[in-house]
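Source file: upload.csv. Holds: CSV, C-alpha atoms.
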```csv
chain,number,residue,atom,x,y,z
A,1,ALA,CA,7.4,7.7,23.6
A,2,ASP,CA,5.9,7.6,20.1
A,3,ARG,CA,2.4,9.2,20.1
A,4,VAL,CA,1.3,7.5,16.9
A,5,ARG,CA,-1.9,5.5,17.0
A,6,TRP,CA,-3.4,3.6,14.1
A,7,VAL,CA,-7.0,3.9,13.2
A,8,GLU,CA,-8.9,1.7,10.7
A,9,THR,CA,-11.1,3.7,8.4
A,10,ALA,CA,-12.5,3.9,4.9
A,11,TRP,CA,-10.8,4.8,1.6
A,12,GLU,CA,-12.9,8.0,1.5
A,13,ASP,CA,-11.6,9.3,4.9
A,14,PRO,CA,-10.3,12.8,4.3
A,15,ARG,CA,-7.2,12.1,6.4
A,16,ALA,CA,-6.3,9.1,4.2
A,17,GLN,CA,-7.2,11.2,1.1
A,18,ALA,CA,-4.8,14.0,2.2
A,19,LEU,CA,-2.0,11.5,2.6
A,20,ARG,CA,-2.7,9.9,-0.9
A,21,ASP,CA,-2.8,13.4,-2.4
A,22,ALA,CA,0.7,14.1,-0.9
A,23,MET,CA,1.9,10.8,-2.2
A,24,ASP,CA,0.6,11.5,-5.6
A,25,ALA,CA,2.3,14.9,-5.7
A,26,GLU,CA,5.6,13.3,-4.6
A,27,MET,CA,5.4,10.4,-6.9
A,28,GLY,CA,4.2,12.5,-9.8
A,29,VAL,CA,7.6,14.1,-10.0
A,30,ARG,CA,9.3,10.7,-10.2
A,31,TYR,CA,6.9,9.1,-12.6
A,32,ALA,CA,5.9,12.1,-14.8
A,33,ASP,CA,6.5,10.1,-18.0
A,34,VAL,CA,4.0,7.4,-17.1
A,35,GLU,CA,1.6,9.2,-14.7
A,36,ASP,CA,-1.4,9.2,-17.2
A,37,VAL,CA,-1.2,5.4,-17.7
A,38,PHE,CA,-0.5,4.7,-14.0
A,39,SER,CA,-3.5,6.7,-12.7
A,40,THR,CA,-5.9,4.7,-14.7
A,41,LEU,CA,-4.6,1.4,-13.2
A,42,VAL,CA,-4.9,2.4,-9.5
A,43,MET,CA,-8.6,2.6,-9.3
A,44,PRO,CA,-10.3,0.5,-12.0
A,45,PRO,CA,-14.1,0.7,-12.1
A,46,GLY,CA,-15.6,-1.6,-9.4
A,47,THR,CA,-12.6,-1.5,-7.1
A,48,ALA,CA,-13.4,-3.0,-3.7
A,49,TRP,CA,-11.5,-1.3,-0.9
A,50,LEU,CA,-11.5,-3.6,2.1
A,51,THR,CA,-9.9,-1.2,4.6
A,52,THR,CA,-7.6,1.8,5.0
A,53,TRP,CA,-5.3,2.4,7.9
A,54,VAL,CA,-4.1,5.8,9.0
A,55,ALA,CA,-1.5,6.6,11.6
A,56,LEU,CA,-2.2,9.7,13.6
A,57,ASP,CA,0.5,11.6,15.5
A,58,GLY,CA,-1.8,13.5,17.8
A,59,ASP,CA,-4.4,14.7,15.3
A,60,GLU,CA,-1.9,14.8,12.3
A,61,PRO,CA,-2.2,12.0,9.8
A,62,VAL,CA,1.3,10.8,9.1
A,63,ALA,CA,1.0,7.4,7.4
A,64,THR,CA,-1.5,5.2,5.5
A,65,ALA,CA,-2.0,1.9,3.7
A,66,THR,CA,-5.0,0.4,2.0
A,67,LEU,CA,-6.1,-3.2,1.3
A,68,ARG,CA,-7.9,-3.8,-2.0
A,69,TRP,CA,-9.9,-7.0,-2.7
A,70,LEU,CA,-8.8,-8.8,-5.9
A,71,GLY,CA,-11.5,-11.5,-5.7
A,72,GLU,CA,-12.2,-15.0,-4.9
A,73,GLY,CA,-9.9,-17.7,-6.3
A,74,PRO,CA,-7.5,-20.3,-5.2
A,75,ASP,CA,-5.5,-17.8,-3.1
A,76,ARG,CA,-8.2,-15.3,-2.0
A,77,LEU,CA,-6.1,-12.4,-3.2
A,78,ALA,CA,-5.9,-8.9,-2.0
A,79,GLU,CA,-3.5,-6.1,-2.9
A,80,VAL,CA,-1.7,-3.6,-0.7
A,81,LYS,CA,-2.1,-0.1,-2.1
A,82,LYS,CA,-1.0,3.4,-1.3
A,83,VAL,CA,1.6,2.8,1.4
A,84,TYR,CA,2.8,6.2,2.3
A,85,VAL,CA,4.5,8.0,5.1
A,86,ALA,CA,4.4,11.8,5.2
A,87,PRO,CA,7.8,13.5,5.6
A,88,SER,CA,7.0,14.4,9.3
A,89,GLY,CA,6.5,10.6,10.0
A,90,ARG,CA,9.5,9.2,8.3
A,91,ARG,CA,12.4,7.3,9.9
A,92,ARG,CA,10.0,6.0,12.7
A,93,GLY,CA,9.2,2.6,11.3
A,94,LEU,CA,5.7,3.6,10.2
A,95,ALA,CA,5.9,2.1,6.8
A,96,SER,CA,6.6,-1.3,8.4
A,97,GLN,CA,3.7,-0.7,10.8
A,98,ALA,CA,1.4,0.2,7.9
A,99,LEU,CA,2.2,-3.1,6.2
A,100,ARG,CA,1.5,-5.0,9.4
A,101,GLN,CA,-1.8,-3.3,9.8
A,102,VAL,CA,-3.1,-4.3,6.4
A,103,GLU,CA,-1.5,-7.8,6.7
A,104,GLY,CA,-3.5,-8.2,10.0
A,105,THR,CA,-6.7,-7.2,8.3
A,106,ALA,CA,-6.0,-9.6,5.5
A,107,ARG,CA,-5.5,-12.4,7.9
A,108,THR,CA,-8.8,-11.6,9.7
A,109,LEU,CA,-10.6,-11.6,6.4
A,110,GLY,CA,-9.2,-15.0,5.4
A,111,VAL,CA,-7.0,-13.6,2.6
A,112,GLU,CA,-4.2,-16.1,1.8
A,113,ARG,CA,-1.9,-14.1,-0.4
A,114,LEU,CA,-1.2,-10.4,-0.8
A,115,HIS,CA,0.1,-8.7,-3.9
A,116,LEU,CA,1.8,-5.3,-4.1
A,117,HIS,CA,2.9,-3.0,-6.9
A,118,THR,CA,5.5,-0.3,-6.8
A,119,GLY,CA,7.9,1.3,-9.2
A,120,SER,CA,11.6,1.0,-10.0
A,121,LEU,CA,12.1,4.7,-9.2
A,122,GLN,CA,11.2,4.0,-5.5
A,123,PRO,CA,14.3,2.2,-4.2
A,124,GLU,CA,13.3,2.9,-0.6
A,125,ALA,CA,10.0,1.2,-1.1
A,126,ILE,CA,11.6,-1.8,-2.8
A,127,ALA,CA,14.1,-2.1,0.1
A,128,LEU,CA,11.2,-1.9,2.6
A,129,TYR,CA,9.2,-4.7,1.0
A,130,GLU,CA,12.2,-6.9,0.7
A,131,ARG,CA,13.1,-6.3,4.4
A,132,GLU,CA,9.5,-7.1,5.4
A,133,GLY,CA,9.6,-10.5,3.7
A,134,TRP,CA,7.9,-9.7,0.4
A,135,GLU,CA,9.1,-11.7,-2.6
A,136,GLN,CA,9.6,-10.0,-5.9
A,137,VAL,CA,7.7,-11.7,-8.7
A,138,PRO,CA,7.3,-11.1,-12.5
A,139,VAL,CA,5.2,-8.1,-13.1
A,140,PHE,CA,1.5,-9.0,-13.2
A,141,ALA,CA,-1.5,-7.4,-15.0
A,142,PRO,CA,-2.5,-4.7,-15.1
A,143,TYR,CA,0.9,-3.2,-14.2
A,144,ASP,CA,2.7,-5.1,-17.0
A,145,VAL,CA,2.0,-2.2,-19.4
A,146,LEU,CA,4.3,0.1,-17.3
A,147,PRO,CA,8.1,-0.4,-17.9
A,148,VAL,CA,8.8,0.9,-14.3
A,149,SER,CA,6.6,-1.7,-12.6
A,150,VAL,CA,8.0,-3.9,-9.8
A,151,CYS,CA,5.6,-6.4,-8.2
A,152,PHE,CA,5.8,-8.4,-5.0
A,153,THR,CA,3.8,-11.1,-3.3
A,154,LYS,CA,3.6,-12.4,0.3
A,155,PRO,CA,1.6,-15.3,1.8
A,156,VAL,CA,-0.6,-14.4,4.8
A,157,PRO,CA,0.0,-16.9,7.5
A,158,ALA,CA,-3.0,-18.1,9.3
A,159,ALA,CA,-3.6,-16.7,12.8
A,160,PRO,CA,-2.0,-18.8,15.6
```

Here is the file; what I need is its structure written in the form of C-alpha coordinates.
Amino acid sequence: ADRVRWVETAWEDPRAQALRDAMDAEMGVRYADVEDVFSTLVMPPGTAWLTTWVALDGDEPVATATLRWLGEGPDRLAEVKKVYVAPSGRRRGLASQALRQVEGTARTLGVERLHLHTGSLQPEAIALYEREGWEQVPVFAPYDVLPVSVCFTKPVPAAP
(Lines of atoms letter the chains of each structure in order from A and count residues from 1; the text may use other names and numbers.)
(Lines give C-alpha, C1' and ligand atoms only; values in the text may rest on other atoms or scores of the structure.)
Protein backbone atom coordinates (compact mmCIF):
# COMPACT_ATOMS: atom_id res chain seq x y z
CA ALA A 1 0.00 0.00 0.00
CA ASP A 2 1.17 3.51 -0.80
CA ARG A 3 2.26 5.32 2.35
CA VAL A 4 1.88 8.79 0.86
CA ARG A 5 -0.27 11.30 2.71
CA TRP A 6 -1.03 14.84 1.59
CA VAL A 7 -0.72 17.79 3.97
CA GLU A 8 -1.91 21.32 3.34
CA THR A 9 0.64 23.89 4.38
CA ALA A 10 2.09 27.32 3.61
CA TRP A 11 4.39 28.41 0.78
CA GLU A 12 7.15 28.95 3.37
CA ASP A 13 7.05 25.34 4.66
CA PRO A 14 10.64 24.02 4.52
CA ARG A 15 9.45 20.71 3.04
CA ALA A 16 7.77 22.53 0.14
CA GLN A 17 10.80 24.81 -0.22
CA ALA A 18 13.12 21.79 -0.46
CA LEU A 19 10.99 20.34 -3.26
CA ARG A 20 10.88 23.69 -5.10
CA ASP A 21 14.66 23.98 -4.79
CA ALA A 22 15.03 20.50 -6.32
CA MET A 23 12.62 21.49 -9.09
CA ASP A 24 14.53 24.70 -9.77
CA ALA A 25 17.81 22.79 -9.99
CA GLU A 26 16.29 20.24 -12.38
CA MET A 27 14.52 22.82 -14.54
CA GLY A 28 17.48 25.20 -14.48
CA VAL A 29 19.38 22.74 -16.67
CA ARG A 30 16.55 22.61 -19.23
CA TYR A 31 15.86 26.34 -19.23
CA ALA A 32 19.33 27.82 -18.70
CA ASP A 33 18.84 30.27 -21.58
CA VAL A 34 15.74 31.90 -20.04
CA GLU A 35 16.24 31.27 -16.32
CA ASP A 36 16.91 34.92 -15.44
CA VAL A 37 13.69 36.12 -17.06
CA PHE A 38 11.63 33.20 -15.77
CA SER A 39 12.66 33.59 -12.14
CA THR A 40 11.35 37.17 -12.06
CA LEU A 41 7.94 36.02 -13.32
CA VAL A 42 7.32 33.28 -10.75
CA MET A 43 7.02 35.48 -7.67
CA PRO A 44 6.09 39.05 -8.56
CA PRO A 45 5.83 41.47 -5.64
CA GLY A 46 2.58 41.04 -3.75
CA THR A 47 2.05 37.41 -4.74
CA ALA A 48 -0.79 35.88 -2.74
CA TRP A 49 -0.16 32.19 -2.14
CA LEU A 50 -3.46 30.54 -1.23
CA THR A 51 -2.14 27.15 -0.23
CA THR A 52 0.63 24.65 -0.79
CA TRP A 53 0.17 20.91 -0.72
CA VAL A 54 3.00 18.50 0.09
CA ALA A 55 2.93 14.72 -0.27
CA LEU A 56 4.84 12.87 2.42
CA ASP A 57 6.11 9.32 2.04
CA GLY A 58 6.67 8.61 5.69
CA ASP A 59 8.52 11.81 6.65
CA GLU A 60 10.03 12.39 3.21
CA PRO A 61 8.47 15.14 1.08
CA VAL A 62 8.00 13.67 -2.40
CA ALA A 63 5.58 15.99 -4.25
CA THR A 64 4.13 19.48 -4.09
CA ALA A 65 1.81 21.94 -5.80
CA THR A 66 0.77 25.47 -4.90
CA LEU A 67 -2.26 27.62 -5.62
CA ARG A 68 -1.65 31.33 -6.29
CA TRP A 69 -4.44 33.92 -6.23
CA LEU A 70 -4.71 36.03 -9.40
CA GLY A 71 -7.49 38.26 -8.13
CA GLU A 72 -11.14 39.04 -8.35
CA GLY A 73 -12.73 39.26 -11.73
CA PRO A 74 -15.36 37.59 -13.84
CA ASP A 75 -13.74 34.17 -13.39
CA ARG A 76 -12.20 34.42 -9.89
CA LEU A 77 -8.83 33.22 -11.19
CA ALA A 78 -6.10 31.27 -9.50
CA GLU A 79 -2.93 29.77 -10.91
CA VAL A 80 -1.42 26.38 -10.20
CA LYS A 81 2.30 26.76 -9.52
CA LYS A 82 5.30 24.59 -8.80
CA VAL A 83 3.85 21.14 -9.48
CA TYR A 84 6.80 18.87 -8.79
CA VAL A 85 7.44 15.24 -7.91
CA ALA A 86 10.84 14.22 -6.57
CA PRO A 87 12.57 11.34 -8.36
CA SER A 88 11.77 9.01 -5.43
CA GLY A 89 8.04 9.72 -5.87
CA ARG A 90 7.74 9.43 -9.63
CA ARG A 91 5.61 6.90 -11.54
CA ARG A 92 3.12 6.73 -8.65
CA GLY A 93 0.45 9.15 -9.86
CA LEU A 94 1.51 11.89 -7.44
CA ALA A 95 1.50 14.69 -10.02
CA SER A 96 -2.16 13.92 -10.81
CA GLN A 97 -2.91 13.80 -7.09
CA ALA A 98 -1.16 17.15 -6.61
CA LEU A 99 -3.39 18.71 -9.25
CA ARG A 100 -6.49 17.29 -7.58
CA GLN A 101 -5.39 18.71 -4.23
CA VAL A 102 -5.06 22.27 -5.53
CA GLU A 103 -8.22 21.93 -7.63
CA GLY A 104 -10.11 20.89 -4.49
CA THR A 105 -8.81 23.90 -2.60
CA ALA A 106 -9.76 26.15 -5.52
CA ARG A 107 -13.30 24.75 -5.49
CA THR A 108 -13.60 25.32 -1.73
CA LEU A 109 -12.44 28.92 -2.17
CA GLY A 110 -14.94 29.61 -4.94
CA VAL A 111 -12.34 29.87 -7.70
CA GLU A 112 -14.05 29.31 -11.03
CA ARG A 113 -11.07 28.95 -13.37
CA LEU A 114 -7.47 27.85 -12.97
CA HIS A 115 -4.51 28.90 -15.05
CA LEU A 116 -1.23 27.09 -15.37
CA HIS A 117 2.09 27.83 -17.06
CA THR A 118 4.74 25.34 -18.07
CA GLY A 119 7.45 25.19 -20.68
CA SER A 120 7.87 23.52 -24.03
CA LEU A 121 10.95 21.68 -22.73
CA GLN A 122 8.76 19.71 -20.31
CA PRO A 123 6.85 17.29 -22.54
CA GLU A 124 6.01 15.10 -19.53
CA ALA A 125 4.28 18.05 -17.84
CA ILE A 126 2.37 18.95 -21.01
CA ALA A 127 1.19 15.35 -21.36
CA LEU A 128 0.09 15.31 -17.70
CA TYR A 129 -1.97 18.48 -18.02
CA GLU A 130 -3.63 17.29 -21.21
CA ARG A 131 -4.45 13.93 -19.57
CA GLU A 132 -5.93 15.74 -16.58
CA GLY A 133 -8.34 17.77 -18.71
CA TRP A 134 -6.45 21.05 -19.00
CA GLU A 135 -6.96 22.99 -22.23
CA GLN A 136 -3.96 24.57 -23.91
CA VAL A 137 -4.58 28.28 -24.56
CA PRO A 138 -2.60 31.13 -26.10
CA VAL A 139 0.25 32.18 -23.85
CA PHE A 140 -0.95 34.78 -21.36
CA ALA A 141 0.94 37.57 -19.60
CA PRO A 142 3.35 37.68 -17.96
CA TYR A 143 4.68 34.50 -19.57
CA ASP A 144 4.28 35.84 -23.11
CA VAL A 145 7.82 37.23 -22.94
CA LEU A 146 9.25 33.69 -22.87
CA PRO A 147 9.45 31.83 -26.19
CA VAL A 148 9.26 28.47 -24.34
CA SER A 149 5.96 29.22 -22.56
CA VAL A 150 2.97 26.89 -22.78
CA CYS A 151 -0.22 27.88 -20.96
CA PHE A 152 -3.31 25.95 -19.92
CA THR A 153 -6.64 26.68 -18.33
CA LYS A 154 -9.29 24.56 -16.65
CA PRO A 155 -12.70 25.41 -15.24
CA VAL A 156 -13.29 24.41 -11.62
CA PRO A 157 -16.65 22.66 -11.41
CA ALA A 158 -18.81 23.59 -8.46
CA ALA A 159 -18.96 21.10 -5.63
CA PRO A 160 -21.80 18.59 -5.99

Task: d(CA of Pro87 (chain A), CA of Val54 (chain A)) in Å - done: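 About the pair CA of Pro87 (chain A) and CA of Val54 (chain A): they are 14.6 Å apart.
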
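When CA of Asp24 (chain A) is paired with CA of Ala86 (chain A), their separation reads 11.5 Å.
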
- [ ] Grab the CA of Ala48 (chain A) to CA of Trp69 (chain A) distance for me, in Å with one decimal place.
- [x] 5.4 Å

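Residues surrounding Pro155 (chain A) within 10 Å are Asp75, Leu77, Glu103, Arg107, Val111, Glu112, Arg113, Leu114, His115, Gly133, Trp134, Glu135 and Ala158 of chain A [only C-alpha atoms; sequence separation below 3 positions excluded].
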
TODO: Give the answer as one residue: which of A:Met23, A:Val137, A:Val150, A:Leu67 has the shortest atom-to-atom distance to Trp11 (chain A), using all atoms listed in the file?
DONE: A:Leu67

Could region 117-128 of chain A be completed with all heavy atoms and returned as an mmCIF file, in the coordinates of the input?
```cif
data_model
loop_
_atom_site.group_PDB
_atom_site.id
_atom_site.type_symbol
_atom_site.label_atom_id
_atom_site.label_comp_id
_atom_site.auth_asym_id
_atom_site.auth_seq_id
_atom_site.Cartn_x
_atom_site.Cartn_y
_atom_site.Cartn_z
ATOM 1 N N HIS A 117 2.257 -3.637 -5.788
ATOM 2 C CA HIS A 117 2.900 -3.000 -6.900
ATOM 3 C C HIS A 117 3.604 -1.767 -6.507
ATOM 4 O O HIS A 117 3.046 -0.974 -5.759
ATOM 5 C CB HIS A 117 1.883 -2.721 -8.030
ATOM 6 C CG HIS A 117 2.418 -1.855 -9.109
ATOM 7 N ND1 HIS A 117 2.212 -0.496 -9.136
ATOM 8 C CD2 HIS A 117 3.175 -2.145 -10.201
ATOM 9 C CE1 HIS A 117 2.805 0.006 -10.206
ATOM 10 N NE2 HIS A 117 3.389 -0.966 -10.872
ATOM 11 N N THR A 118 4.830 -1.589 -6.972
ATOM 12 C CA THR A 118 5.500 -0.300 -6.800
ATOM 13 C C THR A 118 6.294 -0.031 -8.051
ATOM 14 O O THR A 118 6.069 -0.667 -9.072
ATOM 15 C CB THR A 118 6.472 -0.410 -5.525
ATOM 16 O OG1 THR A 118 6.960 0.908 -5.238
ATOM 17 C CG2 THR A 118 7.630 -1.370 -5.719
ATOM 18 N N GLY A 119 7.171 0.936 -7.993
ATOM 19 C CA GLY A 119 7.900 1.300 -9.200
ATOM 20 C C GLY A 119 9.404 1.287 -8.977
ATOM 21 O O GLY A 119 9.893 1.445 -7.855
ATOM 22 N N SER A 120 10.104 1.100 -10.061
ATOM 23 C CA SER A 120 11.600 1.000 -10.000
ATOM 24 C C SER A 120 12.231 2.317 -9.578
ATOM 25 O O SER A 120 13.393 2.311 -9.171
ATOM 26 C CB SER A 120 12.119 0.573 -11.368
ATOM 27 O OG SER A 120 11.738 1.509 -12.372
ATOM 28 N N LEU A 121 11.501 3.424 -9.607
ATOM 29 C CA LEU A 121 12.100 4.700 -9.200
ATOM 30 C C LEU A 121 11.828 4.970 -7.700
ATOM 31 O O LEU A 121 12.021 6.087 -7.227
ATOM 32 C CB LEU A 121 11.436 5.838 -10.024
ATOM 33 C CG LEU A 121 11.631 5.700 -11.541
ATOM 34 C CD1 LEU A 121 10.963 6.857 -12.278
ATOM 35 C CD2 LEU A 121 13.103 5.601 -11.901
ATOM 36 N N GLN A 122 11.434 3.918 -6.971
ATOM 37 C CA GLN A 122 11.200 4.000 -5.500
ATOM 38 C C GLN A 122 12.118 2.967 -4.823
ATOM 39 O O GLN A 122 11.618 2.017 -4.226
ATOM 40 C CB GLN A 122 9.768 3.767 -5.175
ATOM 41 C CG GLN A 122 8.835 4.846 -5.652
ATOM 42 C CD GLN A 122 7.393 4.414 -5.506
ATOM 43 O OE1 GLN A 122 6.789 3.961 -6.469
ATOM 44 N NE2 GLN A 122 6.851 4.550 -4.306
ATOM 45 N N PRO A 123 13.420 3.143 -4.857
ATOM 46 C CA PRO A 123 14.300 2.200 -4.200
ATOM 47 C C PRO A 123 14.050 1.991 -2.735
ATOM 48 O O PRO A 123 14.224 0.906 -2.187
ATOM 49 C CB PRO A 123 15.709 2.673 -4.528
ATOM 50 C CG PRO A 123 15.528 4.129 -4.838
ATOM 51 C CD PRO A 123 14.158 4.252 -5.444
ATOM 52 N N GLU A 124 13.594 3.039 -2.068
ATOM 53 C CA GLU A 124 13.300 2.900 -0.600
ATOM 54 C C GLU A 124 12.124 2.020 -0.391
ATOM 55 O O GLU A 124 12.108 1.264 0.584
ATOM 56 C CB GLU A 124 13.096 4.327 -0.011
ATOM 57 C CG GLU A 124 11.846 5.066 -0.458
ATOM 58 C CD GLU A 124 11.906 5.724 -1.851
ATOM 59 O OE1 GLU A 124 12.880 5.552 -2.598
ATOM 60 O OE2 GLU A 124 10.926 6.419 -2.188
ATOM 61 N N ALA A 125 11.128 2.058 -1.278
ATOM 62 C CA ALA A 125 10.000 1.200 -1.100
ATOM 63 C C ALA A 125 10.372 -0.278 -1.416
ATOM 64 O O ALA A 125 9.987 -1.188 -0.676
ATOM 65 C CB ALA A 125 8.862 1.600 -2.103
ATOM 66 N N ILE A 126 11.158 -0.490 -2.453
ATOM 67 C CA ILE A 126 11.600 -1.800 -2.800
ATOM 68 C C ILE A 126 12.404 -2.432 -1.615
ATOM 69 O O ILE A 126 12.185 -3.579 -1.224
ATOM 70 C CB ILE A 126 12.442 -1.832 -4.083
ATOM 71 C CG1 ILE A 126 11.513 -1.488 -5.264
ATOM 72 C CG2 ILE A 126 13.160 -3.157 -4.302
ATOM 73 C CD1 ILE A 126 12.239 -1.178 -6.563
ATOM 74 N N ALA A 127 13.284 -1.634 -1.029
ATOM 75 C CA ALA A 127 14.100 -2.100 0.100
ATOM 76 C C ALA A 127 13.159 -2.447 1.297
ATOM 77 O O ALA A 127 13.363 -3.457 1.980
ATOM 78 C CB ALA A 127 15.098 -1.051 0.524
ATOM 79 N N LEU A 128 12.151 -1.635 1.541
ATOM 80 C CA LEU A 128 11.200 -1.900 2.600
ATOM 81 C C LEU A 128 10.495 -3.236 2.412
ATOM 82 O O LEU A 128 10.447 -4.066 3.323
ATOM 83 C CB LEU A 128 10.139 -0.784 2.678
ATOM 84 C CG LEU A 128 8.896 -1.091 3.526
ATOM 85 C CD1 LEU A 128 9.236 -1.080 5.006
ATOM 86 C CD2 LEU A 128 7.781 -0.107 3.194
#
```
